[in-house]
>>> print(open('input33.cif').read())   # mmCIF, C-alpha atoms
data_final
loop_
_atom_site.group_PDB
_atom_site.id
_atom_site.type_symbol
_atom_site.label_atom_id
_atom_site.label_comp_id
_atom_site.auth_asym_id
_atom_site.auth_seq_id
_atom_site.Cartn_x
_atom_site.Cartn_y
_atom_site.Cartn_z
ATOM 1 C CA MET A 130 -2.738 15.897 27.344
ATOM 2 C CA ASN A 131 -2.108 19.308 25.808
ATOM 3 C CA ALA A 132 -2.316 20.029 22.074
ATOM 4 C CA SER A 133 1.462 20.199 21.649
ATOM 5 C CA THR A 134 2.020 16.790 23.243
ATOM 6 C CA SER A 135 -0.822 15.289 21.198
ATOM 7 C CA ASN A 136 0.611 16.740 17.987
ATOM 8 C CA ASP A 137 4.094 15.456 18.850
ATOM 9 C CA ARG A 138 2.698 11.961 19.474
ATOM 10 C CA PHE A 139 0.774 12.095 16.192
ATOM 11 C CA CYS A 140 3.950 13.033 14.284
ATOM 12 C CA GLU A 141 5.970 10.321 16.029
ATOM 13 C CA GLU A 142 3.392 7.646 15.220
ATOM 14 C CA LEU A 143 3.127 8.852 11.620
ATOM 15 C CA THR A 144 6.911 8.733 11.269
ATOM 16 C CA ALA A 145 6.973 5.188 12.651
ATOM 17 C CA LEU A 146 4.468 4.168 9.936
ATOM 18 C CA LEU A 147 6.674 5.363 7.053
ATOM 19 C CA PRO A 148 8.326 1.994 6.222
ATOM 20 C CA ARG A 149 4.932 0.277 6.104
ATOM 21 C CA LEU A 150 3.424 3.103 4.072
ATOM 22 C CA ARG A 151 6.269 2.923 1.558
ATOM 23 C CA ARG A 152 5.796 -0.836 1.212
ATOM 24 C CA PHE A 153 2.046 -0.437 0.651
ATOM 25 C CA ALA A 154 2.664 2.383 -1.834
ATOM 26 C CA ARG A 155 5.078 0.135 -3.783
ATOM 27 C CA GLY A 156 2.382 -2.519 -3.927
ATOM 28 C CA LEU A 157 -0.219 -0.096 -5.207
ATOM 29 C CA ALA A 158 1.934 1.876 -7.620
ATOM 30 C CA ARG A 159 4.213 -0.909 -8.903
ATOM 31 C CA ASP A 160 6.856 1.772 -9.525
ATOM 32 C CA ALA A 161 9.424 3.112 -7.061
ATOM 33 C CA ALA A 162 9.159 6.769 -8.091
ATOM 34 C CA ASP A 163 5.353 6.724 -8.117
ATOM 35 C CA ALA A 164 5.365 4.975 -4.752
ATOM 36 C CA ASP A 165 7.623 7.626 -3.241
ATOM 37 C CA ASP A 166 5.360 10.368 -4.618
ATOM 38 C CA LEU A 167 2.277 8.600 -3.287
ATOM 39 C CA CYS A 168 3.846 8.197 0.138
ATOM 40 C CA GLN A 169 4.822 11.874 0.268
ATOM 41 C CA GLN A 170 1.357 13.013 -0.839
ATOM 42 C CA THR A 171 -0.226 10.751 1.777
ATOM 43 C CA VAL A 172 1.903 12.113 4.604
ATOM 44 C CA GLU A 173 1.216 15.685 3.487
ATOM 45 C CA ARG A 174 -2.519 15.036 3.425
ATOM 46 C CA ALA A 175 -2.406 13.309 6.828
ATOM 47 C CA LEU A 176 -0.566 16.270 8.339
ATOM 48 C CA LYS A 177 -2.989 18.767 6.799
ATOM 49 C CA SER A 178 -5.981 16.701 7.931
ATOM 50 C CA ARG A 179 -4.577 15.992 11.398
ATOM 51 C CA GLN A 180 -7.611 17.543 13.089
ATOM 52 C CA SER A 181 -9.974 15.045 11.418
ATOM 53 C CA TRP A 182 -8.212 12.029 12.951
ATOM 54 C CA GLN A 183 -9.843 10.970 16.191
ATOM 55 C CA ASP A 184 -7.423 10.329 19.010
ATOM 56 C CA GLY A 185 -7.854 6.792 20.292
ATOM 57 C CA THR A 186 -8.548 5.303 16.857
ATOM 58 C CA ARG A 187 -6.015 3.439 14.727
ATOM 59 C CA LEU A 188 -3.753 5.926 13.018
ATOM 60 C CA ASP A 189 -2.423 3.284 10.604
ATOM 61 C CA ALA A 190 -5.869 2.413 9.239
ATOM 62 C CA TRP A 191 -6.692 6.116 8.843
ATOM 63 C CA VAL A 192 -3.448 6.832 6.943
ATOM 64 C CA TYR A 193 -3.805 3.713 4.763
ATOM 65 C CA ARG A 194 -7.281 4.898 3.777
ATOM 66 C CA ILE A 195 -5.799 8.291 2.858
ATOM 67 C CA MET A 196 -3.151 6.544 0.730
ATOM 68 C CA ARG A 197 -5.678 4.340 -1.011
ATOM 69 C CA ASN A 198 -7.916 7.319 -1.817
ATOM 70 C CA GLN A 199 -4.907 9.336 -2.982
ATOM 71 C CA TRP A 200 -3.944 6.476 -5.340
ATOM 72 C CA ILE A 201 -7.479 6.191 -6.720
ATOM 73 C CA ASP A 202 -7.455 9.944 -7.388
ATOM 74 C CA GLU A 203 -4.113 9.623 -9.186
ATOM 75 C CA ILE A 204 -5.322 6.779 -11.409
ATOM 76 C CA ARG A 205 -8.462 8.726 -12.299
ATOM 77 C CA ALA A 206 -6.398 11.819 -13.131
ATOM 78 C CA ARG A 207 -4.072 9.796 -15.364
ATOM 79 C CA THR A 208 -7.046 8.304 -17.172
ATOM 80 C CA ARG A 209 -8.597 11.734 -17.699
ATOM 81 C CA ARG A 210 -5.373 13.138 -19.054
ATOM 82 C CA ALA A 211 -5.136 10.106 -21.350
ATOM 83 C CA GLN A 212 -1.384 10.163 -21.032
ATOM 84 C CA THR A 213 0.821 7.235 -21.843
ATOM 85 C CA PHE A 214 2.848 6.536 -18.782
ATOM 86 C CA THR A 215 6.172 4.928 -19.511
ATOM 87 C CA ARG A 216 7.777 3.358 -16.498
ATOM 88 C CA GLU A 217 11.461 3.988 -15.976
ATOM 89 C CA GLU A 218 13.654 0.937 -15.773
ATOM 90 C CA GLU A 219 13.989 0.011 -12.150
ATOM 91 C CA GLY A 220 17.627 0.166 -11.244
ATOM 92 C CA THR A 221 17.257 -0.868 -7.651
ATOM 93 C CA ASN A 222 17.698 -4.297 -6.177
ATOM 94 C CA VAL A 223 14.694 -5.621 -4.371
ATOM 95 C CA GLY A 224 15.576 -7.325 -1.146
ATOM 96 C CA ARG A 225 19.029 -7.632 0.344
ATOM 97 C CA PRO A 226 22.465 -6.546 -0.896
ATOM 98 C CA GLY A 227 24.065 -8.554 -3.711
ATOM 99 C CA ASP A 228 26.235 -10.629 -1.396
ATOM 100 C CA GLN A 229 23.139 -12.454 -0.077
ATOM 101 C CA ASP A 230 21.671 -15.601 -1.514
ATOM 102 C CA ALA A 231 20.925 -14.906 -5.186
ATOM 103 C CA GLU A 232 18.140 -17.456 -5.221
ATOM 104 C CA ASN A 233 16.235 -15.502 -2.555
ATOM 105 C CA LEU A 234 16.556 -12.324 -4.619
ATOM 106 C CA VAL A 235 15.190 -14.102 -7.680
ATOM 107 C CA GLU A 236 12.247 -15.430 -5.667
ATOM 108 C CA ILE A 237 11.490 -11.980 -4.243
ATOM 109 C CA GLY A 238 11.468 -10.648 -7.799
ATOM 110 C CA ASN A 239 9.153 -13.465 -8.913
ATOM 111 C CA VAL A 240 6.726 -12.716 -6.082
ATOM 112 C CA GLY A 241 6.824 -8.999 -6.868
ATOM 113 C CA ARG A 242 6.093 -9.611 -10.544
ATOM 114 C CA ALA A 243 3.293 -12.049 -9.726
ATOM 115 C CA LEU A 244 1.806 -9.530 -7.305
ATOM 116 C CA ALA A 245 2.007 -6.786 -9.928
ATOM 117 C CA ARG A 246 0.005 -8.941 -12.365
ATOM 118 C CA LEU A 247 -2.931 -9.298 -9.974
ATOM 119 C CA PRO A 248 -6.020 -7.185 -10.627
ATOM 120 C CA ASP A 249 -5.999 -4.013 -8.510
ATOM 121 C CA GLU A 250 -8.710 -5.222 -6.127
ATOM 122 C CA GLN A 251 -6.927 -8.497 -5.407
ATOM 123 C CA ARG A 252 -3.496 -6.873 -5.101
ATOM 124 C CA GLU A 253 -4.892 -4.321 -2.657
ATOM 125 C CA ALA A 254 -6.431 -7.073 -0.482
ATOM 126 C CA VAL A 255 -3.244 -9.178 -0.559
ATOM 127 C CA MET A 256 -1.069 -6.170 0.311
ATOM 128 C CA LEU A 257 -3.214 -5.101 3.265
ATOM 129 C CA VAL A 258 -3.807 -8.536 4.806
ATOM 130 C CA LEU A 259 -0.804 -10.667 3.858
ATOM 131 C CA VAL A 260 1.920 -8.030 3.619
ATOM 132 C CA GLU A 261 0.792 -5.323 6.041
ATOM 133 C CA GLY A 262 -0.882 -7.677 8.511
ATOM 134 C CA PHE A 263 -4.246 -5.961 8.865
ATOM 135 C CA ALA A 264 -7.168 -8.014 10.119
ATOM 136 C CA TYR A 265 -9.839 -8.735 7.518
ATOM 137 C CA LYS A 266 -12.263 -6.329 9.185
ATOM 138 C CA GLU A 267 -9.695 -3.512 9.252
ATOM 139 C CA ALA A 268 -8.627 -4.087 5.654
ATOM 140 C CA ALA A 269 -12.270 -4.103 4.543
ATOM 141 C CA GLU A 270 -12.800 -0.765 6.300
ATOM 142 C CA ILE A 271 -9.700 0.726 4.656
ATOM 143 C CA ILE A 272 -10.875 -0.365 1.199
ATOM 144 C CA GLY A 273 -14.489 0.486 1.939
ATOM 145 C CA VAL A 274 -16.046 -2.892 1.119
ATOM 146 C CA PRO A 275 -17.879 -5.533 3.162
ATOM 147 C CA GLN A 276 -15.640 -8.065 4.885
ATOM 148 C CA GLY A 277 -17.011 -10.864 2.693
ATOM 149 C CA THR A 278 -15.969 -8.977 -0.441
ATOM 150 C CA LEU A 279 -12.470 -8.519 0.945
ATOM 151 C CA THR A 280 -12.291 -12.214 1.852
ATOM 152 C CA SER A 281 -13.326 -13.179 -1.673
ATOM 153 C CA ARG A 282 -10.762 -10.845 -3.264
ATOM 154 C CA LEU A 283 -8.077 -12.147 -0.938
ATOM 155 C CA GLY A 284 -8.886 -15.770 -1.734
ATOM 156 C CA ARG A 285 -8.798 -15.155 -5.486
ATOM 157 C CA GLY A 286 -5.577 -13.164 -5.082
ATOM 158 C CA ARG A 287 -3.891 -15.939 -3.106
ATOM 159 C CA GLU A 288 -4.913 -18.549 -5.669
ATOM 160 C CA ALA A 289 -3.665 -16.403 -8.539
ATOM 161 C CA LEU A 290 -0.337 -15.790 -6.781
ATOM 162 C CA LEU A 291 0.145 -19.485 -6.094
ATOM 163 C CA ARG A 292 -0.726 -20.322 -9.700
ATOM 164 C CA GLU A 293 1.713 -17.680 -10.998
ATOM 165 C CA LEU A 294 4.458 -18.994 -8.741
ATOM 166 C CA GLY A 295 3.779 -22.627 -9.706
ATOM 167 C CA GLU A 296 2.806 -23.668 -6.183
ATOM 168 C CA ILE A 297 -0.511 -25.319 -7.182
ATOM 169 C CA ALA A 298 -1.806 -26.947 -10.332
#
>>> encode(input="input33.cif", output="structure tokens")
Amino acid sequence: MNASTSNDRFCEELTALLPRLRRFARGLARDAADADDLCQQTVERALKSRQSWQDGTRLDAWVYRIMRNQWIDEIRARTRRAQTFTREEEGTNVGRPGDQDAENLVEIGNVGRALARLPDEQREAVMLVLVEGFAYKEAAEIIGVPQGTLTSRLGRGREALLRELGEIA
């Protein structure tokens, strides 16, 4: 395969990942504008670092790791700047258009709020495994922790979500 074909395939696969990347960014950032910025920064970094990705490995795991590291860098920078970040009111509907079942929209909002209240480590584990569908081993590699640590964070995150949503006592 020549370099042009390989680069085209890389760009096509990266483009196909965009919806998943945006969803993961929303889970990390908890803010639509920040999530869009994070997603754009991640794609830019992936394109610039294209040569460091090894053909034959999972592109999604590589890009998720870039996004996670980009988010950690952003949080650290915000802390250093000691700025107060005021979130804009979200004016977008989560879920389906308004003519759909209102109860489902309320439940989606409840889940989103419960997810946002999780500690970062638990939210990250829940997003990667339960929302994005990564295997435990892959999610642990993306986060950079042992699989047992990821499993523990995921278990605590699930319990906290169920408690928040009133599913268990």
>>> resolve_selection(input="input33.cif", expression="the PyMOL selection byres ((chain A and resi 199) around 12)", output="short mmCIF file (atom, residue, chain, number, x, y, z; two decimals) with C-alpha atoms, in the coordinates of the input")
data_model
loop_
_atom_site.label_atom_id
_atom_site.label_comp_id
_atom_site.auth_asym_id
_atom_site.auth_seq_id
_atom_site.Cartn_x
_atom_site.Cartn_y
_atom_site.Cartn_z
CA ALA A 154 2.66 2.38 -1.83
CA LEU A 157 -0.22 -0.10 -5.21
CA ALA A 158 1.93 1.88 -7.62
CA ASP A 163 5.35 6.72 -8.12
CA ALA A 164 5.36 4.97 -4.75
CA ASP A 166 5.36 10.37 -4.62
CA LEU A 167 2.28 8.60 -3.29
CA CYS A 168 3.85 8.20 0.14
CA GLN A 169 4.82 11.87 0.27
CA GLN A 170 1.36 13.01 -0.84
CA THR A 171 -0.23 10.75 1.78
CA VAL A 172 1.90 12.11 4.60
CA GLU A 173 1.22 15.68 3.49
CA ARG A 174 -2.52 15.04 3.42
CA ALA A 175 -2.41 13.31 6.83
CA VAL A 192 -3.45 6.83 6.94
CA TYR A 193 -3.80 3.71 4.76
CA ARG A 194 -7.28 4.90 3.78
CA ILE A 195 -5.80 8.29 2.86
CA MET A 196 -3.15 6.54 0.73
CA ARG A 197 -5.68 4.34 -1.01
CA ASN A 198 -7.92 7.32 -1.82
CA TRP A 200 -3.94 6.48 -5.34
CA ILE A 201 -7.48 6.19 -6.72
CA ASP A 202 -7.46 9.94 -7.39
CA GLU A 203 -4.11 9.62 -9.19
CA ILE A 204 -5.32 6.78 -11.41
CA ARG A 205 -8.46 8.73 -12.30
CA ALA A 206 -6.40 11.82 -13.13
#
>>> resolve_selection(input="input33.cif", expression="the PyMOL selection byres ((chain A and resi 271) around 12)", output="NGL selection string")
:A and (187-198 or 253-254 or 256-258 or 263-270 or 272-276 or 279)
>>> write_last_selection(input="input33.cif", atoms="C-alpha atoms", output="compact mmCIF listing (two decimals), in the coordinates of the input")
# COMPACT_ATOMS: atom_id res chain seq x y z
CA ARG A 187 -6.02 3.44 14.73
CA LEU A 188 -3.75 5.93 13.02
CA ASP A 189 -2.42 3.28 10.60
CA ALA A 190 -5.87 2.41 9.24
CA TRP A 191 -6.69 6.12 8.84
CA VAL A 192 -3.45 6.83 6.94
CA TYR A 193 -3.80 3.71 4.76
CA ARG A 194 -7.28 4.90 3.78
CA ILE A 195 -5.80 8.29 2.86
CA MET A 196 -3.15 6.54 0.73
CA ARG A 197 -5.68 4.34 -1.01
CA ASN A 198 -7.92 7.32 -1.82
CA GLU A 253 -4.89 -4.32 -2.66
CA ALA A 254 -6.43 -7.07 -0.48
CA MET A 256 -1.07 -6.17 0.31
CA LEU A 257 -3.21 -5.10 3.26
CA VAL A 258 -3.81 -8.54 4.81
CA PHE A 263 -4.25 -5.96 8.86
CA ALA A 264 -7.17 -8.01 10.12
CA TYR A 265 -9.84 -8.74 7.52
CA LYS A 266 -12.26 -6.33 9.18
CA GLU A 267 -9.70 -3.51 9.25
CA ALA A 268 -8.63 -4.09 5.65
CA ALA A 269 -12.27 -4.10 4.54
CA GLU A 270 -12.80 -0.76 6.30
CA ILE A 272 -10.88 -0.36 1.20
CA GLY A 273 -14.49 0.49 1.94
CA VAL A 274 -16.05 -2.89 1.12
CA PRO A 275 -17.88 -5.53 3.16
CA GLN A 276 -15.64 -8.06 4.88
CA LEU A 279 -12.47 -8.52 0.94
>>> closest_residue(input="input33.cif", among="A:Ala161, A:Leu283, A:Val240, A:Leu143", to="Trp182 in chain A", atoms="only C-alpha atoms")
A:Leu143
>>> resolve_selection(input="input33.cif", expression="the PyMOL selection byres ((chain A and resi 248) around 12)", output="list in words")
Gly156, Leu157, Ala243, Leu244, Ala245, Arg246, Leu247, Asp249, Glu250, Gln251, Arg252, Glu253, Ala254, Val255, Arg282, Leu283, Arg285, Gly286, Arg287, Ala289 and Leu290 of chain A
